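The data block below is protein_1.cif; it holds mmCIF, C-alpha atoms.
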```
data_entry
#
loop_
_atom_site.label_atom_id
_atom_site.label_comp_id
_atom_site.auth_asym_id
_atom_site.auth_seq_id
_atom_site.Cartn_x
_atom_site.Cartn_y
_atom_site.Cartn_z
CA MET S 1 -82.95 -98.65 -1.32
CA THR S 2 -82.53 -95.31 -3.10
CA ILE S 3 -84.29 -95.20 -6.46
CA GLU S 4 -84.53 -91.98 -8.47
CA TYR S 5 -86.63 -91.57 -11.61
CA LEU S 6 -84.84 -89.02 -13.81
CA LYS S 7 -87.61 -89.53 -16.39
CA SER S 8 -91.02 -91.19 -16.10
CA GLY S 9 -93.62 -92.24 -18.66
CA LYS S 10 -97.40 -92.07 -18.79
CA PRO S 11 -99.20 -92.76 -15.49
CA ALA S 12 -100.54 -96.31 -15.14
CA THR S 13 -104.12 -94.99 -15.07
CA GLU S 14 -103.78 -93.50 -18.56
CA ARG S 15 -102.31 -96.75 -19.87
CA ALA S 16 -105.26 -98.65 -18.38
CA ASP S 17 -107.71 -96.33 -20.17
CA ASP S 18 -105.97 -97.04 -23.48
CA ASP S 19 -106.21 -100.79 -22.83
CA ALA S 20 -109.94 -100.57 -22.05
CA LYS S 21 -110.67 -98.80 -25.34
CA THR S 22 -108.69 -101.42 -27.25
CA ARG S 23 -110.56 -104.26 -25.50
CA ALA S 24 -113.97 -102.91 -26.48
CA ALA S 25 -113.01 -102.32 -30.12
CA VAL S 26 -111.54 -105.80 -30.51
CA GLU S 27 -114.52 -107.53 -28.92
CA ALA S 28 -116.91 -105.88 -31.38
CA ILE S 29 -114.78 -106.72 -34.42
CA LEU S 30 -114.32 -110.38 -33.46
CA ALA S 31 -118.08 -110.76 -32.99
CA TYR S 32 -118.60 -109.23 -36.44
CA ILE S 33 -116.12 -111.66 -38.04
CA GLU S 34 -117.76 -114.63 -36.34
CA ALA S 35 -121.20 -113.56 -37.55
CA ARG S 36 -120.35 -112.63 -41.14
CA GLY S 37 -117.22 -114.61 -42.04
CA ASP S 38 -115.56 -113.77 -45.35
CA ALA S 39 -117.78 -110.75 -45.95
CA ALA S 40 -116.66 -109.18 -42.68
CA VAL S 41 -113.01 -109.98 -43.34
CA ARG S 42 -113.15 -108.38 -46.78
CA GLU S 43 -114.95 -105.31 -45.44
CA LEU S 44 -112.47 -104.87 -42.59
CA SER S 45 -109.49 -105.28 -44.91
CA GLU S 46 -110.89 -102.57 -47.15
CA LYS S 47 -111.62 -100.30 -44.17
CA PHE S 48 -108.33 -100.63 -42.29
CA ASP S 49 -105.82 -101.47 -45.05
CA GLY S 50 -107.50 -100.14 -48.19
CA TYR S 51 -106.95 -103.58 -49.70
CA SER S 52 -109.60 -105.69 -51.41
CA PRO S 53 -108.13 -108.23 -53.86
CA GLN S 54 -110.11 -110.91 -55.65
CA SER S 55 -108.65 -113.41 -53.19
CA HIS S 56 -106.69 -112.71 -50.01
CA ARG S 57 -104.94 -116.07 -50.40
CA LEU S 58 -101.91 -115.98 -52.66
CA SER S 59 -101.53 -118.64 -55.35
CA LEU S 60 -98.20 -120.33 -55.93
CA SER S 61 -97.69 -118.35 -59.14
CA GLU S 62 -98.33 -115.08 -57.28
CA ILE S 63 -95.84 -116.12 -54.60
CA ASP S 64 -93.22 -116.94 -57.24
CA SER S 65 -93.77 -113.58 -58.95
CA LEU S 66 -93.35 -111.70 -55.69
CA ILE S 67 -90.15 -113.58 -54.80
CA ALA S 68 -88.79 -112.77 -58.27
CA GLU S 69 -88.99 -109.05 -57.37
CA LEU S 70 -86.23 -109.48 -54.79
CA SER S 71 -82.57 -108.99 -55.66
CA PRO S 72 -80.21 -111.94 -55.25
CA ARG S 73 -78.64 -110.18 -52.25
CA GLU S 74 -82.00 -109.64 -50.55
CA LEU S 75 -83.01 -113.26 -51.08
CA ALA S 76 -79.65 -114.52 -49.81
CA ASP S 77 -79.95 -112.39 -46.67
CA ILE S 78 -83.43 -113.73 -45.96
CA LYS S 79 -82.20 -117.30 -46.40
CA PHE S 80 -79.20 -116.68 -44.13
CA ALA S 81 -81.36 -115.32 -41.32
CA GLN S 82 -83.84 -118.14 -41.67
CA GLU S 83 -81.04 -120.71 -41.56
CA GLN S 84 -79.89 -119.32 -38.19
CA VAL S 85 -83.38 -119.52 -36.72
CA VAL S 86 -83.89 -123.05 -38.06
CA LYS S 87 -80.49 -124.18 -36.78
CA PHE S 88 -81.26 -123.07 -33.22
CA ALA S 89 -84.84 -124.40 -33.38
CA LYS S 90 -83.53 -127.82 -34.46
CA ALA S 91 -81.11 -127.86 -31.53
CA GLN S 92 -83.97 -127.01 -29.18
CA ARG S 93 -86.19 -129.70 -30.71
CA ALA S 94 -83.44 -132.28 -30.26
CA SER S 95 -83.42 -131.49 -26.53
CA MET S 96 -87.06 -132.56 -26.21
CA GLN S 97 -87.24 -136.31 -25.97
CA ASP S 98 -90.14 -138.74 -25.85
CA ILE S 99 -89.75 -140.90 -22.75
CA GLU S 100 -90.97 -144.27 -21.51
CA VAL S 101 -90.09 -145.67 -18.08
CA GLU S 102 -91.09 -148.68 -15.97
CA THR S 103 -91.91 -147.04 -12.63
CA LEU S 104 -92.99 -150.30 -10.97
CA PRO S 105 -92.72 -153.88 -12.21
CA GLY S 106 -95.23 -154.14 -15.06
CA VAL S 107 -96.22 -150.43 -14.98
CA ILE S 108 -95.11 -148.41 -18.01
CA LEU S 109 -95.46 -144.60 -18.12
CA GLY S 110 -94.41 -142.34 -20.94
CA HIS S 111 -94.95 -139.14 -22.84
CA LYS S 112 -94.89 -138.13 -26.49
CA ASN S 113 -94.25 -134.69 -27.93
CA ILE S 114 -96.89 -134.23 -30.63
CA PRO S 115 -97.01 -131.17 -32.93
CA VAL S 116 -100.02 -128.89 -32.83
CA GLN S 117 -101.97 -129.88 -35.94
CA SER S 118 -102.64 -126.42 -37.37
CA VAL S 119 -101.11 -123.05 -36.58
CA GLY S 120 -101.94 -119.52 -37.68
CA CYS S 121 -98.83 -117.33 -37.90
CA TYR S 122 -99.36 -113.58 -37.87
CA VAL S 123 -96.55 -111.53 -39.38
CA PRO S 124 -96.91 -107.76 -38.79
CA GLY S 125 -96.18 -105.51 -41.71
CA GLY S 126 -98.53 -102.56 -42.08
CA LYS S 127 -95.97 -99.96 -40.99
CA PHE S 128 -92.74 -101.97 -41.15
CA PRO S 129 -92.63 -105.24 -43.12
CA MET S 130 -91.53 -107.68 -40.40
CA VAL S 131 -89.64 -110.17 -42.54
CA ALA S 132 -87.97 -111.73 -39.50
CA SER S 133 -91.29 -112.58 -37.85
CA ALA S 134 -91.94 -115.12 -40.60
CA HIS S 135 -88.78 -117.01 -39.64
CA MET S 136 -89.71 -116.95 -35.98
CA SER S 137 -93.20 -118.38 -36.40
CA VAL S 138 -93.45 -120.18 -39.75
CA ALA S 139 -89.98 -121.73 -39.92
CA THR S 140 -90.04 -122.72 -36.25
CA ALA S 141 -93.46 -124.36 -36.66
CA LYS S 142 -92.05 -126.32 -39.59
CA VAL S 143 -89.12 -127.57 -37.48
CA ALA S 144 -91.68 -128.70 -34.88
CA GLY S 145 -93.49 -130.72 -37.57
CA VAL S 146 -96.79 -128.80 -37.68
CA PRO S 147 -98.69 -130.29 -40.65
CA ARG S 148 -100.73 -127.17 -41.53
CA ILE S 149 -99.15 -123.73 -41.26
CA VAL S 150 -101.27 -120.71 -42.20
CA ALA S 151 -99.55 -117.33 -42.50
CA CYS S 152 -101.15 -113.87 -42.64
CA THR S 153 -99.54 -110.50 -43.19
CA PRO S 154 -101.08 -107.12 -44.05
CA PRO S 155 -100.45 -105.40 -47.37
CA TRP S 156 -97.53 -102.99 -47.44
CA GLN S 157 -97.97 -99.84 -49.49
CA GLY S 158 -101.04 -101.34 -51.10
CA LYS S 159 -99.70 -104.75 -52.11
CA PRO S 160 -98.07 -107.90 -50.73
CA ASN S 161 -94.54 -107.31 -49.50
CA PRO S 162 -92.20 -109.54 -51.55
CA ALA S 163 -89.66 -110.05 -48.75
CA VAL S 164 -92.27 -111.08 -46.18
CA ILE S 165 -93.95 -113.42 -48.65
CA ALA S 166 -90.60 -114.96 -49.56
CA ALA S 167 -89.79 -115.59 -45.89
CA MET S 168 -93.21 -117.17 -45.30
CA HIS S 169 -92.92 -119.41 -48.35
CA LEU S 170 -89.34 -120.46 -47.74
CA GLY S 171 -90.18 -121.05 -44.08
CA GLY S 172 -92.79 -123.64 -45.01
CA ALA S 173 -96.20 -121.93 -44.93
CA HIS S 174 -98.91 -124.03 -46.58
CA GLU S 175 -101.39 -121.16 -46.97
CA ILE S 176 -100.46 -117.48 -47.29
CA TYR S 177 -103.04 -114.70 -46.95
CA VAL S 178 -102.48 -110.99 -47.42
CA LEU S 179 -104.61 -109.96 -44.49
CA GLY S 180 -103.80 -107.83 -41.47
CA GLY S 181 -104.84 -106.91 -37.97
CA ILE S 182 -107.82 -108.22 -36.05
CA GLN S 183 -109.41 -109.52 -39.24
CA ALA S 184 -106.42 -111.79 -39.84
CA VAL S 185 -106.18 -113.38 -36.40
CA GLY S 186 -109.97 -113.50 -36.14
CA ALA S 187 -110.32 -115.30 -39.47
CA MET S 188 -107.59 -117.81 -38.63
CA ALA S 189 -108.99 -118.58 -35.17
CA LEU S 190 -112.73 -118.48 -35.86
CA GLY S 191 -112.69 -119.68 -39.46
CA THR S 192 -114.67 -118.36 -42.40
CA GLU S 193 -116.26 -119.92 -45.46
CA THR S 194 -112.84 -120.09 -47.14
CA ILE S 195 -110.40 -120.27 -44.21
CA GLU S 196 -110.40 -123.39 -42.06
CA PRO S 197 -109.88 -122.46 -38.38
CA VAL S 198 -106.53 -123.26 -36.79
CA HIS S 199 -105.75 -124.80 -33.41
CA MET S 200 -103.22 -122.16 -32.34
CA LEU S 201 -102.27 -118.54 -33.05
CA VAL S 202 -98.71 -117.25 -32.86
CA GLY S 203 -96.77 -114.12 -33.70
CA PRO S 204 -96.39 -110.53 -32.52
CA GLY S 205 -98.56 -107.58 -33.45
CA ASN S 206 -99.84 -104.22 -32.35
CA ALA S 207 -102.06 -103.67 -29.31
CA TYR S 208 -105.18 -104.70 -31.26
CA VAL S 209 -103.65 -107.96 -32.48
CA ALA S 210 -102.39 -108.75 -28.98
CA GLU S 211 -105.83 -108.08 -27.50
CA ALA S 212 -107.53 -110.18 -30.18
CA LYS S 213 -105.27 -113.10 -29.30
CA ARG S 214 -106.06 -112.61 -25.62
CA GLN S 215 -109.80 -112.69 -26.29
CA LEU S 216 -109.50 -115.74 -28.56
CA TYR S 217 -107.39 -117.69 -26.09
CA GLY S 218 -109.31 -120.75 -25.00
CA ARG S 219 -111.01 -121.19 -28.35
CA VAL S 220 -107.52 -121.59 -29.73
CA GLY S 221 -104.11 -121.80 -28.12
CA ILE S 222 -101.74 -118.86 -28.32
CA ASP S 223 -97.99 -118.58 -27.97
CA LEU S 224 -98.04 -115.74 -25.43
CA PHE S 225 -99.34 -112.22 -24.93
CA ALA S 226 -97.06 -110.27 -27.24
CA GLY S 227 -98.04 -106.60 -27.07
CA PRO S 228 -96.06 -103.49 -28.03
CA THR S 229 -92.29 -103.87 -28.03
CA GLU S 230 -90.53 -103.23 -24.71
CA THR S 231 -86.84 -102.69 -24.14
CA MET S 232 -84.65 -102.19 -21.10
CA VAL S 233 -81.00 -101.23 -21.00
CA ILE S 234 -79.14 -102.19 -17.82
CA ALA S 235 -75.84 -100.35 -17.91
CA ASP S 236 -73.03 -99.00 -15.77
CA ASP S 237 -70.10 -96.73 -16.51
CA THR S 238 -68.38 -99.35 -18.68
CA VAL S 239 -70.42 -97.99 -21.63
CA ASP S 240 -71.41 -94.55 -22.87
CA GLY S 241 -74.56 -92.56 -23.55
CA GLU S 242 -74.45 -93.03 -27.33
CA LEU S 243 -74.65 -96.81 -27.02
CA CYS S 244 -77.49 -96.67 -24.48
CA ALA S 245 -79.48 -94.04 -26.38
CA THR S 246 -79.11 -95.95 -29.65
CA ASP S 247 -80.36 -99.18 -28.07
CA LEU S 248 -83.32 -97.44 -26.44
CA LEU S 249 -84.48 -95.57 -29.55
CA GLY S 250 -83.78 -98.58 -31.76
CA GLN S 251 -86.76 -100.29 -30.14
CA ALA S 252 -88.87 -97.19 -29.42
CA GLU S 253 -89.29 -96.73 -33.18
CA HIS S 254 -91.48 -99.86 -33.30
CA GLY S 255 -94.64 -97.93 -32.40
CA TYR S 256 -96.14 -95.07 -30.44
CA ASN S 257 -96.47 -97.07 -27.23
CA SER S 258 -93.20 -98.98 -26.92
CA PRO S 259 -91.71 -98.71 -23.41
CA ALA S 260 -87.96 -98.05 -23.26
CA VAL S 261 -86.21 -98.02 -19.88
CA LEU S 262 -82.65 -97.20 -18.86
CA LEU S 263 -81.64 -98.76 -15.56
CA THR S 264 -78.26 -97.58 -14.30
CA ASN S 265 -76.17 -96.89 -11.23
CA SER S 266 -74.28 -94.08 -12.97
CA ARG S 267 -75.76 -90.57 -12.83
CA LYS S 268 -73.33 -89.40 -15.49
CA LEU S 269 -74.40 -92.20 -17.85
CA ALA S 270 -78.07 -91.40 -17.21
CA GLU S 271 -77.60 -87.71 -17.99
CA ASP S 272 -75.40 -88.41 -21.02
CA THR S 273 -78.01 -90.84 -22.36
CA LEU S 274 -80.80 -88.27 -22.00
CA SER S 275 -78.71 -85.72 -23.91
CA GLU S 276 -77.81 -88.26 -26.57
CA ILE S 277 -81.47 -89.23 -27.03
CA ASP S 278 -82.31 -85.57 -27.73
CA ARG S 279 -79.50 -85.44 -30.30
CA LEU S 280 -80.50 -88.69 -32.03
CA LEU S 281 -84.15 -87.70 -32.19
CA SER S 282 -83.13 -84.68 -34.28
CA ILE S 283 -81.62 -86.92 -36.99
CA LEU S 284 -83.42 -90.30 -36.75
CA PRO S 285 -85.70 -90.82 -39.80
CA THR S 286 -88.24 -92.63 -37.59
CA ALA S 287 -88.08 -89.91 -34.91
CA ASP S 288 -91.79 -89.10 -35.03
CA THR S 289 -92.65 -92.58 -33.78
CA ALA S 290 -89.66 -92.99 -31.48
CA ARG S 291 -90.19 -89.58 -29.86
CA THR S 292 -93.81 -90.34 -28.99
CA SER S 293 -92.85 -93.65 -27.41
CA TRP S 294 -89.97 -92.05 -25.53
CA ASP S 295 -92.04 -89.11 -24.29
CA ASP S 296 -94.98 -91.26 -23.15
CA TYR S 297 -93.30 -94.53 -22.15
CA GLY S 298 -89.58 -93.82 -21.70
CA GLU S 299 -88.01 -94.03 -18.26
CA VAL S 300 -84.57 -93.43 -16.76
CA ILE S 301 -84.11 -95.04 -13.36
CA LEU S 302 -81.04 -94.34 -11.23
CA CYS S 303 -80.07 -96.89 -8.57
CA ASP S 304 -77.34 -97.10 -5.97
CA THR S 305 -76.40 -100.76 -6.37
CA TYR S 306 -76.44 -103.64 -8.81
CA GLU S 307 -78.77 -105.49 -6.44
CA GLU S 308 -81.29 -102.66 -6.71
CA MET S 309 -81.00 -102.77 -10.50
CA LEU S 310 -81.66 -106.51 -10.46
CA THR S 311 -84.73 -106.13 -8.24
CA ILE S 312 -86.27 -103.44 -10.44
CA ALA S 313 -85.42 -105.31 -13.65
CA ASP S 314 -87.18 -108.45 -12.41
CA ASP S 315 -90.20 -106.38 -11.34
CA ILE S 316 -90.52 -104.68 -14.74
CA ALA S 317 -89.90 -108.00 -16.55
CA SER S 318 -89.14 -106.28 -19.85
CA GLU S 319 -89.38 -108.07 -23.18
CA HIS S 320 -85.81 -107.23 -24.29
CA VAL S 321 -83.09 -106.66 -21.70
CA GLN S 322 -79.76 -105.33 -22.97
CA VAL S 323 -77.11 -105.82 -20.25
CA MET S 324 -73.88 -103.82 -20.55
CA THR S 325 -72.04 -103.90 -17.25
CA ASP S 326 -68.89 -105.17 -15.63
CA ARG S 327 -70.86 -108.23 -14.43
CA ASP S 328 -73.07 -109.42 -17.28
CA ASP S 329 -72.81 -113.06 -16.21
CA TRP S 330 -74.06 -112.11 -12.75
CA PHE S 331 -77.25 -110.75 -14.31
CA LEU S 332 -77.58 -113.90 -16.45
CA GLU S 333 -77.28 -116.06 -13.34
CA ASN S 334 -79.62 -114.01 -11.17
CA MET S 335 -82.31 -112.48 -13.38
CA THR S 336 -85.55 -114.50 -13.41
CA CYS S 337 -88.19 -112.40 -15.19
CA TYR S 338 -87.63 -111.18 -18.76
CA GLY S 339 -88.24 -112.03 -22.40
CA ALA S 340 -84.68 -112.40 -23.67
CA LEU S 341 -81.27 -111.21 -22.49
CA PHE S 342 -78.70 -109.54 -24.74
CA LEU S 343 -75.39 -109.71 -22.92
CA GLY S 344 -72.52 -107.34 -23.48
CA ALA S 345 -71.89 -104.26 -25.60
CA ARG S 346 -71.16 -106.37 -28.70
CA THR S 347 -74.66 -107.84 -28.55
CA ASN S 348 -77.81 -105.94 -29.40
CA VAL S 349 -81.56 -106.44 -29.63
CA ALA S 350 -81.68 -105.77 -33.38
CA ASN S 351 -79.46 -108.79 -34.05
CA GLY S 352 -81.81 -110.89 -31.93
CA ASP S 353 -84.80 -109.45 -33.75
CA LYS S 354 -83.51 -110.15 -37.23
CA VAL S 355 -80.74 -112.67 -37.68
CA ILE S 356 -78.81 -114.22 -34.80
CA GLY S 357 -81.13 -117.22 -34.42
CA THR S 358 -83.04 -116.86 -31.15
CA ASN S 359 -86.77 -116.22 -31.44
CA HIS S 360 -87.93 -112.62 -31.27
CA THR S 361 -91.56 -113.27 -30.31
CA LEU S 362 -91.25 -112.58 -26.60
CA PRO S 363 -93.45 -111.93 -23.55
CA THR S 364 -94.50 -108.35 -22.76
CA LYS S 365 -96.55 -106.62 -20.06
CA LYS S 366 -94.81 -108.59 -17.29
CA ALA S 367 -95.68 -111.96 -18.85
CA GLY S 368 -92.00 -112.84 -18.52
CA ARG S 369 -92.81 -113.64 -14.90
CA TYR S 370 -94.56 -116.86 -16.00
CA THR S 371 -93.55 -117.68 -19.57
CA GLY S 372 -90.63 -117.50 -21.94
CA GLY S 373 -90.84 -116.57 -25.59
CA LEU S 374 -91.95 -118.45 -28.68
CA TRP S 375 -89.76 -121.47 -29.43
CA VAL S 376 -90.09 -124.83 -31.09
CA GLY S 377 -91.50 -126.33 -27.87
CA LYS S 378 -94.54 -124.02 -28.04
CA PHE S 379 -95.67 -125.92 -31.13
CA LEU S 380 -95.43 -129.27 -29.36
CA LYS S 381 -97.93 -130.78 -26.92
CA THR S 382 -96.53 -133.21 -24.37
CA HIS S 383 -99.06 -136.03 -23.93
CA SER S 384 -98.69 -138.79 -21.35
CA TYR S 385 -99.73 -142.44 -21.63
CA GLN S 386 -99.82 -145.48 -19.36
CA ARG S 387 -99.69 -149.23 -19.88
CA VAL S 388 -100.05 -152.05 -17.30
CA LEU S 389 -98.41 -155.26 -18.51
CA THR S 390 -99.02 -157.88 -15.82
CA ASP S 391 -101.87 -159.23 -13.72
CA GLU S 392 -99.80 -158.58 -10.59
CA ALA S 393 -99.31 -154.91 -11.48
CA ALA S 394 -102.99 -154.45 -12.40
CA THR S 395 -104.01 -155.94 -9.04
CA MET S 396 -101.56 -153.95 -6.93
CA ILE S 397 -102.24 -150.58 -8.57
CA GLY S 398 -105.97 -151.37 -8.60
CA GLU S 399 -106.03 -151.96 -4.85
CA TYR S 400 -104.40 -148.63 -4.12
CA GLY S 401 -106.60 -146.87 -6.67
CA SER S 402 -109.78 -148.41 -5.27
CA ARG S 403 -109.10 -147.25 -1.74
CA LEU S 404 -108.01 -143.76 -2.80
CA CYS S 405 -111.16 -143.34 -4.92
CA MET S 406 -113.33 -144.33 -1.97
CA LEU S 407 -111.42 -141.88 0.22
CA GLU S 408 -112.74 -139.12 -2.08
CA GLY S 409 -116.21 -140.62 -2.37
CA PHE S 410 -115.93 -141.63 -6.02
CA VAL S 411 -117.60 -145.05 -6.00
CA GLY S 412 -117.76 -145.36 -9.80
CA HIS S 413 -114.08 -144.54 -10.02
CA ALA S 414 -113.35 -147.19 -7.39
CA GLU S 415 -115.26 -149.79 -9.37
CA GLN S 416 -113.01 -149.18 -12.39
CA CYS S 417 -110.17 -150.33 -10.16
CA ASN S 418 -112.17 -153.08 -8.44
CA VAL S 419 -113.15 -154.85 -11.64
CA ARG S 420 -109.45 -155.23 -12.46
CA VAL S 421 -108.70 -156.47 -8.94
CA ARG S 422 -111.41 -159.13 -9.30
CA ARG S 423 -110.50 -160.08 -12.86
CA TYR S 424 -106.70 -160.08 -12.68
CA GLY S 425 -106.12 -160.70 -8.97
CA GLY S 426 -108.91 -163.12 -8.15
CA LEU S 427 -109.93 -161.00 -5.13
CA ASN S 428 -113.61 -160.50 -4.29
CA VAL S 429 -114.27 -156.80 -3.72
CA PRO S 430 -117.98 -156.06 -3.20
CA TYR S 431 -119.46 -153.39 -5.45
CA GLY S 432 -119.47 -150.03 -3.69
CA GLU S 433 -116.57 -150.85 -1.38
CA GLY S 434 -112.88 -150.19 -1.57
CA ALA S 435 -110.37 -152.99 -1.93
CA PRO S 436 -109.15 -154.28 1.44
CA HIS S 437 -105.58 -153.71 2.55
CA ARG S 438 -103.51 -156.69 1.44
CA GLU S 439 -102.49 -157.45 5.06
CA ALA S 440 -106.13 -157.55 6.14
CA ALA S 441 -107.09 -159.71 3.15
CA GLU S 442 -104.41 -162.18 4.05
#
```
Could you express the structure from this file as structure tokens?
Amino acid sequence: MTIEYLKSGKPATERADDDAKTRAAVEAILAYIEARGDAAVRELSEKFDGYSPQSHRLSLSEIDSLIAELSPRELADIKFAQEQVVKFAKAQRASMQDIEVETLPGVILGHKNIPVQSVGCYVPGGKFPMVASAHMSVATAKVAGVPRIVACTPPWQGKPNPAVIAAMHLGGAHEIYVLGGIQAVGAMALGTETIEPVHMLVGPGNAYVAEAKRQLYGRVGIDLFAGPTETMVIADDTVDGELCATDLLGQAEHGYNSPAVLLTNSRKLAEDTLSEIDRLLSILPTADTARTSWDDYGEVILCDTYEEMLTIADDIASEHVQVMTDRDDWFLENMTCYGALFLGARTNVANGDKVIGTNHTLPTKKAGRYTGGLWVGKFLKTHSYQRVLTDEAATMIGEYGSRLCMLEGFVGHAEQCNVRVRRYGGLNVPYGEGAPHREAAE
């Protein structure tokens, strides 16, 4: 295997140092929120966002006023995007069926898909108002049937962002708070005097929000570990440097620590892409952010074969993977670790982020090795149940259960089975002993 790095990012040790600093800061802030509740939340909002309204929760009249600030075109575009997300979420929900089967005569087993009862949806928006994130979390939770949906978003330029609030409201949020960062996810998960705690947190965010969710996991459920945006372009000589550079920088502008990787088997394409990135960074309005991400986290990896590209792609397990090759379906069939695939030059990550209908809250930091992204199924809990209908079934299952419990030394467990064997089967099983084998009993 011949792998050549034409460009590398920050060493892993430096990235680990950054993560450690974030962990310590988040731990202290969450403890402060838990100790002081609303007072801490208000203080942190003032400190980090310069925002201290009379109430962080928006009233219905405030929501209506904000939505009225949007033009008809803007509102129609928001509704169109949300309709696409809802349409796909409904199709996914329809694929998840409750089941009930008779596995043995008189033995009924089943499962039910039950919505999580309360969800906190975080919608980023301090730097860029992430309108689409409201569709992905709020609207999808509504399709799942979640009865209480809480939505938080930071102020934008000192006030609530009308487009984000519209998307939250239209998506089905029951409570909307203009609150950002650690203080938002901390308040939703831990609860305060005025905010009832939720059962689950969902939604993307910066490194501090992602770390707060990680630390809160266990006290509440989370969708996944969604850290800074990651993108990978897998390309060969069927496309050009402009397309690759545009797709890389289009995601690098998210933040100062957004990895962007080009994986190719074409040296010419790699070199053309590097040149094109330099050109685009001279004209891109968000170049200050994109350049920092590209300098610190950008990589260009040159491989000999498609098989090598596949191996490296699965190892990196990037959040977004844009595939533009002469064998896109081959990558679809063979890739196993990623957030979402964007197949072909006509497709792009921005469409997936904003409008096409798939969910854009996706696994980062190699989490694609063990989980997919946010979808309607994340808001549903699959719970099993059992029912024994006949005396014969209760006796037969009880005999097996009794002996297996005794095999492990669980006498009390065995007696749960034995009492049914005695009551429904008329067999005398002494307390503290396992049921005899039926052949021996006969």
Check the smallest atom-to-atom distance from each of S:Phe128, S:Asn113, S:Asp295, S:Leu263 to Ser95 in chain S using all atoms listed in the file, then report the winner.
-> S:Asn113
Apply the PyMOL selection byres ((chain S and resi 137-140) around 6) to the displayed file and report the matching residues as a PyMOL selection string.
-> chain S and resi 121+134-136+141-143+171+376
Save out the residues we just selected, C-alpha atoms, as a tab-separated table (two decimals), in the frame of the given file.
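Saved as part-v2.tsv:
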```tsv
chain	number	residue	atom	x	y	z
S	121	CYS	CA	-98.83	-117.33	-37.90
S	134	ALA	CA	-91.94	-115.12	-40.60
S	135	HIS	CA	-88.78	-117.01	-39.64
S	136	MET	CA	-89.71	-116.95	-35.98
S	141	ALA	CA	-93.46	-124.36	-36.66
S	142	LYS	CA	-92.05	-126.32	-39.59
S	143	VAL	CA	-89.12	-127.57	-37.48
S	171	GLY	CA	-90.18	-121.05	-44.08
S	376	VAL	CA	-90.09	-124.83	-31.09
```
Top pick for closest residue to Ala226 in chain S, considering S:Cys152, S:Ile67, S:Ile33, S:Leu374 and counting only C-alpha atoms |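 Checking each of S:Cys152, S:Ile67, S:Ile33, S:Leu374 against Ala226 in chain S, counting only C-alpha atoms, the winner is S:Leu374.
Minimum atom-to-atom distances from S:Ala94, S:Ile108, S:Ala260, S:Ile63 to Ile176 in chain S were compared using all atoms listed in the file, and the lowest value belongs to S:Ile63.
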Report the distance between CA of Arg420 in chain S and CA of Val107 in chain S in Å, rounded to one decimal place.
->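 Rounded to one decimal, the two atoms are 14.3 Å apart.
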Decode the PyMOL selection byres ((chain S and resi 40) around 12) for the given file into explicit residues and return them as an MDAnalysis selection string.
-> chainID S and resid 28:39 41:48 52 182:184 186:187 191:193
Hey, can you pull every residue with an atom no more than 9 Å from (-74.1, -106.8, -13.3), using only C-alpha atoms, and send it as a PDB file with C-alpha atoms, keeping the file's coordinate frame?
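part-v4.pdb, written as the output of this step:
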```pdb
ATOM      1  CA  ILE S 234     -79.140-102.190 -17.820  1.00  0.00           C
ATOM      2  CA  ALA S 235     -75.840-100.350 -17.910  1.00  0.00           C
ATOM      3  CA  ASP S 236     -73.030 -99.000 -15.770  1.00  0.00           C
ATOM      4  CA  TYR S 306     -76.440-103.640  -8.810  1.00  0.00           C
ATOM      5  CA  GLU S 307     -78.770-105.490  -6.440  1.00  0.00           C
ATOM      6  CA  MET S 309     -81.000-102.770 -10.500  1.00  0.00           C
ATOM      7  CA  LEU S 310     -81.660-106.510 -10.460  1.00  0.00           C
ATOM      8  CA  VAL S 323     -77.110-105.820 -20.250  1.00  0.00           C
ATOM      9  CA  MET S 324     -73.880-103.820 -20.550  1.00  0.00           C
ATOM     10  CA  THR S 325     -72.040-103.900 -17.250  1.00  0.00           C
ATOM     11  CA  ASP S 326     -68.890-105.170 -15.630  1.00  0.00           C
ATOM     12  CA  ARG S 327     -70.860-108.230 -14.430  1.00  0.00           C
ATOM     13  CA  ASP S 328     -73.070-109.420 -17.280  1.00  0.00           C
ATOM     14  CA  ASP S 329     -72.810-113.060 -16.210  1.00  0.00           C
ATOM     15  CA  TRP S 330     -74.060-112.110 -12.750  1.00  0.00           C
ATOM     16  CA  PHE S 331     -77.250-110.750 -14.310  1.00  0.00           C
ATOM     17  CA  LEU S 332     -77.580-113.900 -16.450  1.00  0.00           C
TER      18      LEU S 332
END
```
Pick from S:Ala89, S:Ala207, S:Val26, S:Val239 nearest to Phe225 in chain S, counting only C-alpha atoms |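 Smallest separation from Phe225 in chain S among the options: S:Ala207.
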Leaving out range 317-319 of chain S and any residue of its chain fewer than 6 positions from it, which residues lie within 8 Å of it when counting all atoms listed in the file, given as number ranges by chain?
-> S: 229-232, 337-340, 362-369
Computed interatomic separation between CA of Ile283 in chain S and CA of His254 in chain S (Å) =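 About the pair CA of Ile283 in chain S and CA of His254 in chain S: they are 16.7 Å apart.
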Kindly resolve the PyMOL selection byres ((chain S and resi 292) around 12) on the present coordinates and return the residues as number ranges by chain.
-> S: 9-10, 249, 252-260, 281, 286-291, 293-298
Using all atoms listed in the file, find the one residue out of S:Thr194, S:His320, S:Ser275, S:His360 that sits nearest to Met130 in chain S.
->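 Result for the nearest residue to Met130 in chain S: S:His360.
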Would you mind reading off the distance between CA of Ser59 in chain S and CA of Val123 in chain S, one decimal, in Å?
->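 CA of Val123 in chain S lies 18.2 Å from CA of Ser59 in chain S.
Proximity to Leu284 in chain S was assessed for S:Gln416, S:Thr264, S:Thr246, S:Ser402 counting all atoms listed in the file; the smallest distance is recorded for S:Thr246.
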